[in-house]
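Enquirer: Contents are mmCIF, C-alpha atoms; file name entry08.cif:
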data_query
loop_
_atom_site.label_atom_id
_atom_site.label_comp_id
_atom_site.auth_asym_id
_atom_site.auth_seq_id
_atom_site.Cartn_x
_atom_site.Cartn_y
_atom_site.Cartn_z
CA MET A 1 -23.31 -14.73 1.68
CA LYS A 2 -24.23 -18.38 1.26
CA ASN A 3 -27.67 -19.77 1.95
CA ILE A 4 -26.75 -21.16 5.36
CA LYS A 5 -29.16 -20.89 8.26
CA TRP A 6 -28.15 -20.22 11.85
CA PRO A 7 -26.94 -23.46 13.46
CA SER A 8 -28.46 -24.90 16.62
CA ARG A 9 -28.86 -22.23 19.30
CA PRO A 10 -26.44 -22.11 22.21
CA PRO A 11 -28.05 -22.23 25.67
CA ILE A 12 -29.63 -18.87 26.49
CA SER A 13 -30.84 -17.69 29.88
CA VAL A 14 -34.40 -16.36 29.66
CA GLU A 15 -34.57 -14.78 33.11
CA SER A 16 -34.69 -11.14 31.93
CA PRO A 17 -38.26 -10.05 31.09
CA VAL A 18 -38.98 -7.93 28.01
CA LEU A 19 -41.46 -5.13 27.34
CA VAL A 20 -42.08 -4.38 23.66
CA LEU A 21 -43.17 -0.78 23.09
CA GLY A 22 -45.26 0.06 20.03
CA GLY A 23 -45.03 -1.46 16.61
CA LYS A 24 -47.19 -3.80 14.59
CA GLU A 25 -45.76 -6.81 12.72
CA ASN A 26 -42.34 -6.21 14.28
CA SER A 27 -43.91 -6.38 17.73
CA LEU A 28 -45.68 -9.62 16.84
CA SER A 29 -42.48 -11.21 15.53
CA ILE A 30 -40.53 -10.42 18.71
CA VAL A 31 -43.34 -11.58 21.01
CA ARG A 32 -43.69 -14.88 19.17
CA HIS A 33 -39.98 -15.57 18.79
CA LEU A 34 -38.73 -14.65 22.25
CA GLY A 35 -41.92 -15.93 23.89
CA ALA A 36 -41.52 -19.34 22.28
CA MET A 37 -38.02 -19.50 23.77
CA GLY A 38 -39.44 -19.01 27.25
CA VAL A 39 -38.78 -15.28 27.69
CA GLU A 40 -41.52 -13.42 29.56
CA VAL A 41 -42.55 -10.90 26.91
CA SER A 42 -45.11 -8.17 27.55
CA CYS A 43 -46.40 -5.71 25.00
CA SER A 44 -47.82 -2.20 24.99
CA GLY A 45 -49.28 -0.21 22.13
CA GLY A 46 -52.43 0.85 20.34
CA LEU A 47 -55.17 -1.48 19.18
CA ASN A 48 -53.32 -2.00 15.87
CA ASN A 49 -50.39 -3.52 17.75
CA TRP A 50 -50.52 -7.16 16.65
CA GLY A 51 -48.12 -8.36 19.34
CA MET A 52 -50.64 -7.72 22.12
CA PHE A 53 -53.00 -10.31 20.65
CA SER A 54 -50.44 -13.11 20.44
CA SER A 55 -50.81 -16.11 22.73
CA TYR A 56 -47.10 -15.68 23.53
CA CYS A 57 -47.69 -12.23 25.05
CA THR A 58 -47.48 -12.55 28.86
CA HIS A 59 -49.01 -9.18 29.79
CA ARG A 60 -50.88 -6.66 27.65
CA HIS A 61 -50.84 -2.93 28.33
CA PRO A 62 -53.03 -1.22 25.70
CA VAL A 63 -52.57 2.51 25.25
CA PRO A 64 -55.97 4.24 25.72
CA ALA A 65 -57.35 5.63 22.48
CA ARG A 66 -57.38 9.23 23.67
CA GLN A 67 -53.96 9.19 25.31
CA LYS A 68 -50.58 9.70 23.70
CA PRO A 69 -48.31 6.62 23.93
CA GLY A 70 -45.50 8.49 25.67
CA GLU A 71 -47.83 9.78 28.40
CA TYR A 72 -49.22 6.31 29.02
CA TRP A 73 -45.79 4.67 29.04
CA SER A 74 -44.44 7.19 31.55
CA GLU A 75 -47.23 6.19 33.93
CA LEU A 76 -46.82 2.50 33.15
CA LEU A 77 -43.08 2.40 33.80
CA LEU A 78 -42.45 5.27 36.19
CA GLY A 79 -45.70 5.59 38.12
CA PRO A 80 -45.85 4.63 41.83
CA GLN A 81 -47.92 1.52 41.04
CA SER A 82 -45.90 0.40 38.01
CA PRO A 83 -46.46 -3.31 37.22
CA ILE A 84 -43.24 -3.50 35.18
CA GLU A 85 -40.44 -5.39 36.93
CA PRO A 86 -37.16 -3.48 37.46
CA GLY A 87 -34.48 -4.74 35.10
CA THR A 88 -36.98 -5.32 32.28
CA ILE A 89 -35.48 -4.94 28.80
CA LEU A 90 -37.28 -2.29 26.73
CA LEU A 91 -37.43 -2.98 22.98
CA ALA A 92 -38.62 -0.10 20.77
CA CYS A 93 -40.76 -1.00 17.76
CA SER A 94 -42.09 2.45 16.83
CA ASP A 95 -40.99 6.06 16.55
CA GLU A 96 -43.22 6.91 19.52
CA ALA A 97 -41.23 4.41 21.58
CA LEU A 98 -37.93 5.95 20.50
CA GLU A 99 -39.15 9.40 21.43
CA PHE A 100 -40.39 8.17 24.81
CA ILE A 101 -37.07 6.54 25.70
CA ALA A 102 -35.19 9.65 24.56
CA ASP A 103 -37.42 12.02 26.55
CA TYR A 104 -37.34 9.91 29.72
CA HIS A 105 -33.80 8.55 29.35
CA GLU A 106 -32.50 9.67 32.74
CA ALA A 107 -35.62 8.62 34.64
CA LEU A 108 -35.73 5.18 32.98
CA LYS A 109 -32.02 4.40 33.18
CA PRO A 110 -31.84 3.34 36.88
CA HIS A 111 -34.73 0.91 36.50
CA PHE A 112 -34.75 -0.58 32.99
CA VAL A 113 -32.41 -1.80 30.26
CA TYR A 114 -32.30 -0.56 26.66
CA ASP A 115 -29.73 -0.04 23.94
CA GLU A 116 -26.75 2.33 24.11
CA ALA A 117 -28.13 5.13 21.94
CA SER A 118 -28.04 8.58 23.54
CA PRO A 119 -31.17 10.76 23.73
CA GLN A 120 -29.59 13.09 21.16
CA GLN A 121 -29.01 10.23 18.72
CA ARG A 122 -32.61 9.07 19.03
CA HIS A 123 -33.89 12.58 18.37
CA ASN A 124 -31.49 13.03 15.44
CA MET A 125 -32.74 9.86 13.75
CA LEU A 126 -36.37 10.83 14.35
CA ASP A 127 -35.72 14.25 12.80
CA LYS A 128 -35.62 13.47 9.08
CA LEU A 129 -33.94 16.78 8.25
CA ARG A 130 -31.19 16.26 10.82
CA THR A 131 -30.58 12.74 9.48
CA LEU A 132 -30.01 14.11 5.98
CA GLU A 133 -27.78 16.89 7.33
CA ILE A 134 -25.62 14.29 9.09
CA ALA A 135 -25.36 12.27 5.87
CA ARG A 136 -24.29 15.37 3.96
CA ASP A 137 -21.72 16.34 6.57
CA ILE A 138 -20.01 12.92 6.60
CA GLY A 139 -20.11 12.39 2.83
CA VAL A 140 -22.86 9.77 2.57
CA GLY A 141 -25.03 10.04 -0.55
CA ALA A 142 -28.43 11.67 -0.01
CA PRO A 143 -31.16 13.33 -2.08
CA ARG A 144 -31.22 17.12 -2.30
CA PHE A 145 -33.25 18.72 0.45
CA TRP A 146 -34.29 22.17 1.56
CA ARG A 147 -35.20 23.44 5.00
CA VAL A 148 -38.32 25.60 4.89
CA ASP A 149 -39.06 27.31 8.20
CA SER A 150 -40.46 30.53 6.72
CA ASN A 151 -42.06 31.96 3.61
CA ALA A 152 -38.75 33.60 2.75
CA GLU A 153 -36.96 30.24 2.79
CA LEU A 154 -39.79 28.69 0.79
CA ASP A 155 -39.58 31.40 -1.88
CA GLY A 156 -35.79 31.03 -1.96
CA ILE A 157 -35.87 27.46 -3.27
CA LEU A 158 -38.08 28.24 -6.29
CA SER A 159 -35.22 28.18 -8.79
CA GLU A 160 -33.58 25.06 -7.29
CA VAL A 161 -36.41 22.53 -7.14
CA ASN A 162 -36.74 19.82 -9.76
CA PHE A 163 -39.97 17.82 -9.72
CA PRO A 164 -41.20 15.50 -8.36
CA VAL A 165 -40.51 16.37 -4.74
CA MET A 166 -41.84 15.43 -1.33
CA VAL A 167 -43.08 17.77 1.36
CA LYS A 168 -41.82 15.63 4.21
CA PRO A 169 -42.41 16.10 7.95
CA LEU A 170 -39.52 16.23 10.36
CA ASP A 171 -41.64 14.21 12.80
CA SER A 172 -43.38 11.46 10.81
CA PHE A 173 -45.65 9.85 13.37
CA SER A 174 -47.30 13.04 14.63
CA PHE A 175 -47.76 14.18 11.02
CA SER A 176 -49.39 10.83 10.15
CA ARG A 177 -51.73 11.20 13.11
CA THR A 178 -52.91 14.56 11.72
CA PHE A 179 -53.10 13.86 7.99
CA GLY A 180 -53.40 10.07 7.76
CA CYS A 181 -50.35 9.88 5.48
CA LYS A 182 -46.56 9.95 5.79
CA LEU A 183 -45.86 12.86 3.45
CA PHE A 184 -47.14 14.86 0.49
CA ILE A 185 -46.02 14.20 -3.07
CA VAL A 186 -45.81 17.14 -5.49
CA LYS A 187 -45.28 16.10 -9.11
CA SER A 188 -45.24 19.59 -10.65
CA GLY A 189 -46.04 23.19 -9.84
CA PHE A 190 -44.41 25.31 -7.16
CA ALA A 191 -47.82 26.61 -6.09
CA GLU A 192 -48.69 23.12 -4.85
CA ILE A 193 -45.49 22.99 -2.80
CA ILE A 194 -46.53 26.24 -1.12
CA GLU A 195 -50.04 24.86 -0.53
CA LYS A 196 -48.81 21.61 1.06
CA VAL A 197 -46.18 23.34 3.19
CA HIS A 198 -48.77 25.76 4.55
CA MET A 199 -51.17 22.88 5.25
CA ALA A 200 -48.49 21.35 7.46
CA TRP A 201 -47.54 24.64 9.10
CA ASP A 202 -51.18 25.43 9.91
CA LYS A 203 -51.34 22.20 11.93
CA GLY A 204 -48.04 22.88 13.69
CA HIS A 205 -45.87 20.42 11.74
CA PRO A 206 -42.38 21.53 10.58
CA VAL A 207 -41.52 20.15 7.15
CA MET A 208 -38.79 20.10 4.54
CA VAL A 209 -38.81 19.71 0.75
CA VAL A 210 -36.89 16.68 -0.53
CA GLU A 211 -36.28 15.56 -4.10
CA MET A 212 -37.61 12.13 -5.03
CA VAL A 213 -34.86 9.77 -6.20
CA PRO A 214 -36.11 8.45 -9.57
CA GLY A 215 -36.48 4.81 -10.47
CA PRO A 216 -38.51 1.76 -9.42
CA ASP A 217 -38.88 0.53 -5.87
CA SER A 218 -36.63 -2.44 -6.65
CA LEU A 219 -33.70 -0.01 -6.32
CA LEU A 220 -34.30 0.21 -2.54
CA SER A 221 -32.09 -1.74 -0.14
CA SER A 222 -31.47 -1.78 3.62
CA TYR A 223 -28.67 -2.60 6.05
CA TYR A 224 -29.22 -3.72 9.65
CA THR A 225 -26.77 -4.01 12.54
CA TYR A 226 -26.25 -3.43 16.26
CA ILE A 227 -23.25 -1.37 17.41
CA THR A 228 -22.03 -1.60 21.01
CA ASP A 229 -20.39 1.23 22.93
CA GLU A 230 -17.04 -0.44 22.20
CA GLY A 231 -17.75 0.00 18.49
CA ARG A 232 -18.39 -3.69 17.85
CA TYR A 233 -20.82 -4.63 15.08
CA LEU A 234 -22.84 -7.62 16.37
CA PHE A 235 -24.23 -8.69 12.98
CA ASP A 236 -24.66 -7.65 9.34
CA PHE A 237 -27.91 -8.12 7.44
CA THR A 238 -29.17 -6.67 4.16
CA LYS A 239 -32.36 -7.03 2.15
CA CYS A 240 -34.02 -5.33 -0.80
CA ILE A 241 -37.54 -4.27 -1.73
CA ILE A 242 -39.33 -5.51 -4.83
CA ARG A 243 -42.61 -3.59 -4.60
CA ARG A 244 -44.34 -0.95 -2.47
CA PHE A 245 -47.88 0.40 -2.28
CA PRO A 246 -48.55 3.06 -3.33
CA VAL A 247 -45.77 2.63 -5.89
CA ASN A 248 -42.64 4.73 -5.25
CA ARG A 249 -43.94 6.11 -1.99
CA GLY A 250 -45.75 3.70 0.32
CA GLY A 251 -44.97 0.79 2.59
CA ALA A 252 -43.13 -2.26 1.25
CA THR A 253 -45.34 -5.14 0.09
CA TYR A 254 -42.69 -7.59 -1.12
CA HIS A 255 -39.13 -7.86 0.29
CA LYS A 256 -36.26 -10.26 -0.40
CA THR A 257 -33.21 -11.26 1.63
CA THR A 258 -29.99 -10.83 -0.28
CA TRP A 259 -26.45 -9.90 0.70
CA MET A 260 -25.60 -6.47 -0.73
CA PRO A 261 -22.03 -5.48 0.22
CA GLU A 262 -22.27 -1.96 -1.20
CA THR A 263 -25.37 -1.24 0.90
CA ALA A 264 -23.62 -2.61 3.99
CA GLU A 265 -20.53 -0.50 3.30
CA ALA A 266 -22.61 2.67 2.85
CA GLY A 267 -24.54 1.88 6.02
CA LYS A 268 -21.35 1.43 8.03
CA LYS A 269 -19.97 4.68 6.67
CA PHE A 270 -23.03 6.52 7.96
CA PHE A 271 -23.09 4.76 11.34
CA ASP A 272 -19.36 5.27 11.90
CA GLY A 273 -19.46 8.91 10.83
CA ALA A 274 -22.52 9.64 12.97
CA GLY A 275 -21.10 7.87 16.04
CA PHE A 276 -24.20 5.69 16.02
CA LEU A 277 -24.79 3.16 18.83
CA GLY A 278 -27.41 0.48 19.39
CA LEU A 279 -29.82 -1.15 16.95
CA GLY A 280 -29.90 0.47 13.53
CA ASN A 281 -31.50 0.09 10.11
CA ILE A 282 -30.60 2.34 7.22
CA GLU A 283 -32.34 2.40 3.83
CA PHE A 284 -30.89 3.57 0.52
CA LYS A 285 -32.11 3.93 -3.05
CA ARG A 286 -29.79 3.67 -6.02
CA ASP A 287 -30.06 6.84 -8.08
CA MET A 288 -30.41 5.96 -11.77
CA ARG A 289 -28.89 9.33 -12.73
CA ASP A 290 -25.45 8.69 -11.23
CA GLY A 291 -25.60 5.05 -10.07
CA LYS A 292 -24.95 6.04 -6.42
CA LEU A 293 -26.80 4.97 -3.30
CA LYS A 294 -28.82 7.79 -1.71
CA LEU A 295 -30.01 7.70 1.90
CA ILE A 296 -33.77 7.46 2.36
CA GLU A 297 -34.15 7.05 6.13
CA VAL A 298 -32.64 5.63 9.32
CA ASN A 299 -34.60 3.66 11.92
CA ALA A 300 -32.94 3.16 15.29
CA ARG A 301 -35.32 0.32 16.18
CA PHE A 302 -36.84 -2.97 15.03
CA THR A 303 -38.61 -2.65 11.68
CA ALA A 304 -41.56 -4.27 9.92
CA ALA A 305 -39.26 -6.85 8.28
CA GLN A 306 -38.19 -8.36 11.62
CA GLU A 307 -39.87 -11.71 10.91
CA LEU A 308 -38.10 -11.96 7.55
CA ALA A 309 -34.74 -11.57 9.29
CA VAL A 310 -35.61 -14.20 11.90
CA LYS A 311 -36.87 -16.76 9.39
CA SER A 312 -33.80 -16.24 7.20
CA GLY A 313 -31.56 -17.19 10.13
CA MET A 314 -30.63 -13.72 11.37
CA PRO A 315 -32.19 -13.54 14.88
CA ILE A 316 -31.83 -9.81 15.48
CA ASP A 317 -34.09 -9.97 18.54
CA VAL A 318 -32.13 -12.82 20.17
CA ILE A 319 -28.79 -11.11 19.53
CA THR A 320 -30.16 -7.89 21.04
CA TYR A 321 -31.65 -9.76 24.01
CA CYS A 322 -28.42 -11.59 24.76
CA HIS A 323 -26.39 -8.40 24.54
CA LEU A 324 -28.71 -6.39 26.78
CA SER A 325 -29.01 -9.21 29.33
CA GLY A 326 -25.22 -9.57 29.54
CA GLN A 327 -24.98 -13.00 27.93
CA PRO A 328 -22.61 -14.40 25.29
CA ILE A 329 -23.81 -13.17 21.91
CA PRO A 330 -24.57 -15.71 19.17
CA VAL A 331 -22.21 -15.26 16.23
CA VAL A 332 -24.18 -15.33 12.97
CA ASN A 333 -22.10 -14.94 9.83
CA SER A 334 -24.67 -15.95 7.21
CA TYR A 335 -28.37 -16.19 6.53
CA GLN A 336 -30.71 -17.61 3.90
CA GLU A 337 -30.87 -15.49 0.78
CA ASN A 338 -33.78 -15.17 -1.67
CA LEU A 339 -36.35 -15.57 1.08
CA HIS A 340 -39.39 -13.36 0.44
CA PHE A 341 -41.63 -11.35 2.76
CA TRP A 342 -45.12 -10.93 1.29
CA TYR A 343 -48.19 -8.82 2.11
CA PRO A 344 -50.80 -10.40 -0.24
CA LEU A 345 -53.46 -7.65 -0.18
CA ARG A 346 -51.11 -4.70 -0.45
CA ASP A 347 -48.92 -6.42 -3.05
CA THR A 348 -51.97 -7.11 -5.19
CA LEU A 349 -52.82 -3.41 -5.03
CA ALA A 350 -49.22 -2.50 -5.89
CA SER A 351 -49.27 -4.84 -8.87
CA LEU A 352 -52.59 -3.44 -10.09
CA GLN A 353 -51.13 0.06 -9.91
CA LEU A 354 -48.04 -1.03 -11.87
CA TRP A 355 -50.25 -2.81 -14.40
CA TYR A 356 -52.32 0.35 -14.84
CA GLN A 357 -49.09 2.30 -15.44
CA ASP A 358 -47.95 -0.32 -18.02
CA GLU A 359 -44.97 -1.22 -15.83
CA LEU A 360 -45.93 -4.81 -14.91
CA THR A 361 -47.98 -7.53 -16.62
CA THR A 362 -50.10 -10.05 -14.77
CA LYS A 363 -47.74 -12.81 -15.91
CA GLU A 364 -44.70 -10.90 -14.60
CA TRP A 365 -46.38 -10.39 -11.23
CA LEU A 366 -47.34 -14.04 -10.87
CA THR A 367 -43.89 -15.15 -12.01
CA SER A 368 -42.27 -12.91 -9.36
CA LEU A 369 -44.16 -14.55 -6.50
CA ARG A 370 -42.24 -17.27 -4.68
CA LEU A 371 -45.13 -18.79 -2.75
CA THR A 372 -43.11 -21.85 -1.75
CA ASP A 373 -40.30 -19.70 -0.36
CA PHE A 374 -41.93 -16.80 1.48
CA VAL A 375 -42.52 -15.53 4.99
CA SER A 376 -45.81 -14.09 6.21
CA PRO A 377 -45.57 -10.96 8.37
CA LEU A 378 -48.63 -12.10 10.29
CA HIS A 379 -50.09 -15.57 9.93
CA SER A 380 -49.21 -18.56 12.12
CA ILE A 381 -51.27 -21.73 12.51
CA VAL A 382 -50.26 -21.95 16.19
CA ASP A 383 -51.10 -18.30 16.95
CA LEU A 384 -54.25 -17.31 15.07
CA LYS A 385 -55.68 -14.42 17.08
CA PRO A 386 -53.38 -11.71 15.60
CA SER A 387 -54.62 -12.61 12.10
CA LEU A 388 -58.22 -11.92 13.13
CA PHE A 389 -57.42 -8.53 14.62
CA ALA A 390 -55.15 -7.57 11.71
CA GLY A 391 -57.88 -8.46 9.22
CA TYR A 392 -60.28 -6.18 11.05
CA ASP A 393 -57.64 -3.43 11.13
CA SER A 394 -57.06 -3.71 7.36
CA PHE A 395 -60.80 -3.61 6.73
CA LYS A 396 -61.02 -0.32 8.66
CA GLU A 397 -58.08 1.09 6.67
CA ILE A 398 -59.79 0.23 3.37
CA LEU A 399 -63.03 1.88 4.48
CA SER A 400 -61.18 5.02 5.60
CA GLY A 401 -59.10 5.20 2.41
CA ARG A 402 -55.84 5.13 4.40
CA LEU A 403 -54.41 1.81 3.20
CA GLY A 404 -51.66 3.48 1.20
CA GLY A 405 -50.53 5.89 3.89
CA VAL A 406 -49.29 8.56 1.46
CA LYS A 407 -51.04 11.45 -0.31
#
What would the structure in this file look like if it were written as structure tokens?
Expert:
Amino acid sequence: MKNIKWPSRPPISVESPVLVLGGKENSLSIVRHLGAMGVEVSCSGGLNNWGMFSSYCTHRHPVPARQKPGEYWSELLLGPQSPIEPGTILLACSDEALEFIADYHEALKPHFVYDEASPQQRHNMLDKLRTLEIARDIGVGAPRFWRVDSNAELDGILSEVNFPVMVKPLDSFSFSRTFGCKLFIVKSGFAEIIEKVHMAWDKGHPVMVVEMVPGPDSLLSSYYTYITDEGRYLFDFTKCIIRRFPVNRGGATYHKTTWMPETAEAGKKFFDGAGFLGLGNIEFKRDMRDGKLKLIEVNARFTAAQELAVKSGMPIDVITYCHLSGQPIPVVNSYQENLHFWYPLRDTLASLQLWYQDELTTKEWLTSLRLTDFVSPLHSIVDLKPSLFAGYDSFKEILSGRLGGVK
């Protein structure tokens, strides 16, 4: 794709209000972007939800610290004194939001608007094992994985496992709430696999064992689209990752927009084969052993890189809003490539880790930074309050030792 930004916007009606559920930087991006267009955007989430602190947020509905998001949202939207206007568009920015919409699909449907995904699809994409099983069944590349529901099944994979592997939860957000990390990494030793699996079981978390696809994080790429119930793809967007922290396992710290036709083709193969509907993001990693793309995960929602897409000229939120509000959908056939999305603190930590492992020099890190051509996931000179709250949130993460999110 050429470096062409989205042309001047066609007239868009902003009468339909929006409620953003969950999220962090993705929530903030949607609130700022749609809010600046005149859409009434409200936001609900925990205290780490940056969108709630934006000056563009019309109404804030913080989830109480001791209450689960789904329980609070059921009261907020379905309670007898609900302040949410009927016809409001619900935009999911977290796995908790996806689970809530899936669990309350029939109760929400008469009153609110959200994408076409069925409850079963939402649950399938939240269940990491089921996602990999679907990929296997339709012939999409995926890492090897093993279901372990019992000690017998765990013992049965002893001769098959090649290290390193991940002990990965089927339900990531509840696992993270318990352990403060997304998954466990086991570099060698089957005894450690048994230990980590039992740690998860003891806390009531089902897990699977998944091989780690070898190679640097720069082999990761993602495809985004929205599929209507008529099977129409509303847009095509791809990007790649340059670094993550912790390396090879954590959250992305440096992304880049680039058109990757092979990633898009693999993504469409999965979505078509799975009968996927609604907003979707699928991530792959190229396996250095056979050169093939292997599925990492699927997110049926807005992701952390939402602001990168918007600034590159791919307004995923506007396209989704227009579709769900029954308006003509902007046709976007191109976007700016080589635009970077940078988390300064986390990327510095990633680079220090790579330097310590003799995989990156200071000069190479500095040379890789495109500080005149980057997008911040957070900072805006016309909307400063989210930066203050995010800084406090990061400070707490550093003190608690949870900045990396993986153990």
Enquirer: So, counting all atoms listed in the file, which residue among A:Gln67, A:Asn299, A:Ser312, A:Ser13 is closest to Asn124 (chain A)?
Expert: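 Closest to Asn124 (chain A) of all the choices is A:Asn299.
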Enquirer: Can you tell me, as number ranges by chain, what residues are no more than 12 Å from Ser380 (chain A) when counting all atoms listed in the file, ignoring any on the same chain fewer than 4 positions away?
Expert: A: 28-29, 32-33, 54-56, 307, 375-376, 384-388
Enquirer: Give me, as a VMD selection string, all polymer residues having an atom no more than 8 Å from region 204-210 of chain A, counting only C-alpha atoms and skipping those fewer than 6 positions away in the same chain.
Expert: chain A and resid 129 143 to 149 165 to 171 175 197
Enquirer: Can you turn the PyMOL selection byres ((chain A and resi 196) around 10) into a concrete residue list for this file, as an MDAnalysis selection string?
Expert: chainID A and resid 166:168 183:186 191:195 197:202 207
Enquirer: Which residues, named as in the file, does the PyMOL selection byres ((chain A and resi 248) around 6) pick out? Answer as a PyMOL selection string.
Expert: chain A and resi 217+247+249
Enquirer: Could you turn the residues from that selection into a file that holds C-alpha atoms, as a short mmCIF file (atom, residue, chain, number, x, y, z; two decimals), in the coordinates of the input?
Expert:
data_model
loop_
_atom_site.label_atom_id
_atom_site.label_comp_id
_atom_site.auth_asym_id
_atom_site.auth_seq_id
_atom_site.Cartn_x
_atom_site.Cartn_y
_atom_site.Cartn_z
CA ASP A 217 -38.88 0.53 -5.87
CA VAL A 247 -45.77 2.63 -5.89
CA ARG A 249 -43.94 6.11 -1.99
#
Enquirer: Find the residue from A:Ile242, A:Phe302, A:Asp383, A:Arg66 that sits nearest to Trp365 (chain A); use all atoms listed in the file when measuring.
Expert: A:Ile242
Enquirer: Might you spell out which residues the PyMOL selection byres ((chain A and resi 220) around 12) would select in the displayed file, as a VMD selection string?
Expert: chain A and resid 213 to 219 221 to 223 238 to 244 248 to 249 251 to 252 254 to 256 260 263 282 to 288 292 to 297
Enquirer: Now that the selection is made, can you save its residues with C-alpha atoms as an mmCIF file, in the frame of the given file?
Expert:
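Wrote part11.cif, looks like this:
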data_model
loop_
_atom_site.group_PDB
_atom_site.id
_atom_site.type_symbol
_atom_site.label_atom_id
_atom_site.label_comp_id
_atom_site.auth_asym_id
_atom_site.auth_seq_id
_atom_site.Cartn_x
_atom_site.Cartn_y
_atom_site.Cartn_z
ATOM 1 C CA VAL A 213 -34.860 9.770 -6.200
ATOM 2 C CA PRO A 214 -36.110 8.450 -9.570
ATOM 3 C CA GLY A 215 -36.480 4.810 -10.470
ATOM 4 C CA PRO A 216 -38.510 1.760 -9.420
ATOM 5 C CA ASP A 217 -38.880 0.530 -5.870
ATOM 6 C CA SER A 218 -36.630 -2.440 -6.650
ATOM 7 C CA LEU A 219 -33.700 -0.010 -6.320
ATOM 8 C CA SER A 221 -32.090 -1.740 -0.140
ATOM 9 C CA SER A 222 -31.470 -1.780 3.620
ATOM 10 C CA TYR A 223 -28.670 -2.600 6.050
ATOM 11 C CA THR A 238 -29.170 -6.670 4.160
ATOM 12 C CA LYS A 239 -32.360 -7.030 2.150
ATOM 13 C CA CYS A 240 -34.020 -5.330 -0.800
ATOM 14 C CA ILE A 241 -37.540 -4.270 -1.730
ATOM 15 C CA ILE A 242 -39.330 -5.510 -4.830
ATOM 16 C CA ARG A 243 -42.610 -3.590 -4.600
ATOM 17 C CA ARG A 244 -44.340 -0.950 -2.470
ATOM 18 C CA ASN A 248 -42.640 4.730 -5.250
ATOM 19 C CA ARG A 249 -43.940 6.110 -1.990
ATOM 20 C CA GLY A 251 -44.970 0.790 2.590
ATOM 21 C CA ALA A 252 -43.130 -2.260 1.250
ATOM 22 C CA TYR A 254 -42.690 -7.590 -1.120
ATOM 23 C CA HIS A 255 -39.130 -7.860 0.290
ATOM 24 C CA LYS A 256 -36.260 -10.260 -0.400
ATOM 25 C CA MET A 260 -25.600 -6.470 -0.730
ATOM 26 C CA THR A 263 -25.370 -1.240 0.900
ATOM 27 C CA ILE A 282 -30.600 2.340 7.220
ATOM 28 C CA GLU A 283 -32.340 2.400 3.830
ATOM 29 C CA PHE A 284 -30.890 3.570 0.520
ATOM 30 C CA LYS A 285 -32.110 3.930 -3.050
ATOM 31 C CA ARG A 286 -29.790 3.670 -6.020
ATOM 32 C CA ASP A 287 -30.060 6.840 -8.080
ATOM 33 C CA MET A 288 -30.410 5.960 -11.770
ATOM 34 C CA LYS A 292 -24.950 6.040 -6.420
ATOM 35 C CA LEU A 293 -26.800 4.970 -3.300
ATOM 36 C CA LYS A 294 -28.820 7.790 -1.710
ATOM 37 C CA LEU A 295 -30.010 7.700 1.900
ATOM 38 C CA ILE A 296 -33.770 7.460 2.360
ATOM 39 C CA GLU A 297 -34.150 7.050 6.130
#
Enquirer: Measuring atom to atom with all atoms listed in the file, identify which of A:Ser42, A:Thr372, A:Thr58, A:Ser94 is nearest to Ser172 (chain A).
Expert: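 Smallest distance to Ser172 (chain A) is found for A:Ser94.
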Enquirer: Tell me, in Å to one decimal, how far CA of Asn338 (chain A) is from CA of Glu359 (chain A).
Expert: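 Computed distance, CA of Asn338 (chain A) to CA of Glu359 (chain A), equals 22.8 Å.
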Enquirer: Looking at A:Val298, A:Met52, A:Cys322, A:Ala135, which one is nearest to Tyr114 (chain A), with distances taken over only C-alpha atoms?
Expert: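 Going through A:Val298, A:Met52, A:Cys322, A:Ala135 one by one, the smallest distance to Tyr114 (chain A) is for A:Cys322.
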Enquirer: Using Å and a single decimal, report how far CA of Leu339 (chain A) sits from CA of Arg370 (chain A).
Expert: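 According to the coordinates, CA of Arg370 (chain A) and CA of Leu339 (chain A) are separated by 8.4 Å.
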Enquirer: Can you work out the spacing between CA of Asn49 (chain A) and CA of Tyr343 (chain A) in Å, to one decimal?
Expert: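 Separation between CA of Asn49 (chain A) and CA of Tyr343 (chain A): 16.7 Å.
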Enquirer: Let me have the centre and edge lengths of the axis-aligned box enclosing all listed atoms of region 325-336 of chain A with 8 Å padding on every side, in Å to one decimal, as JSON.
Expert:
{"center_x": -26.4, "center_y": -13.4, "center_z": 16.7, "size_x": 24.6, "size_y": 24.4, "size_z": 41.6}
Enquirer: Considering only C-alpha atoms, state which residue in the set A:Gly291, A:Gly189, A:Pro246, A:Gly278 is at the smallest distance from Tyr233 (chain A).
Expert: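 Nearest to Tyr233 (chain A): A:Gly278.
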Enquirer: Please report as JSON lines every residue of region 103-127 of chain A lying within 12 Å of region 79-82 of chain A, along with the nearest atom pair and their distance in Å (one decimal), using only C-alpha atoms.
Expert:
{"residue": "A:Ala107", "atom": "CA", "partner": "A:Gly79", "partner_atom": "CA", "distance": 11.1}
{"residue": "A:Leu108", "atom": "CA", "partner": "A:Gly79", "partner_atom": "CA", "distance": 11.2}
{"residue": "A:His111", "atom": "CA", "partner": "A:Ser82", "partner_atom": "CA", "distance": 11.3}
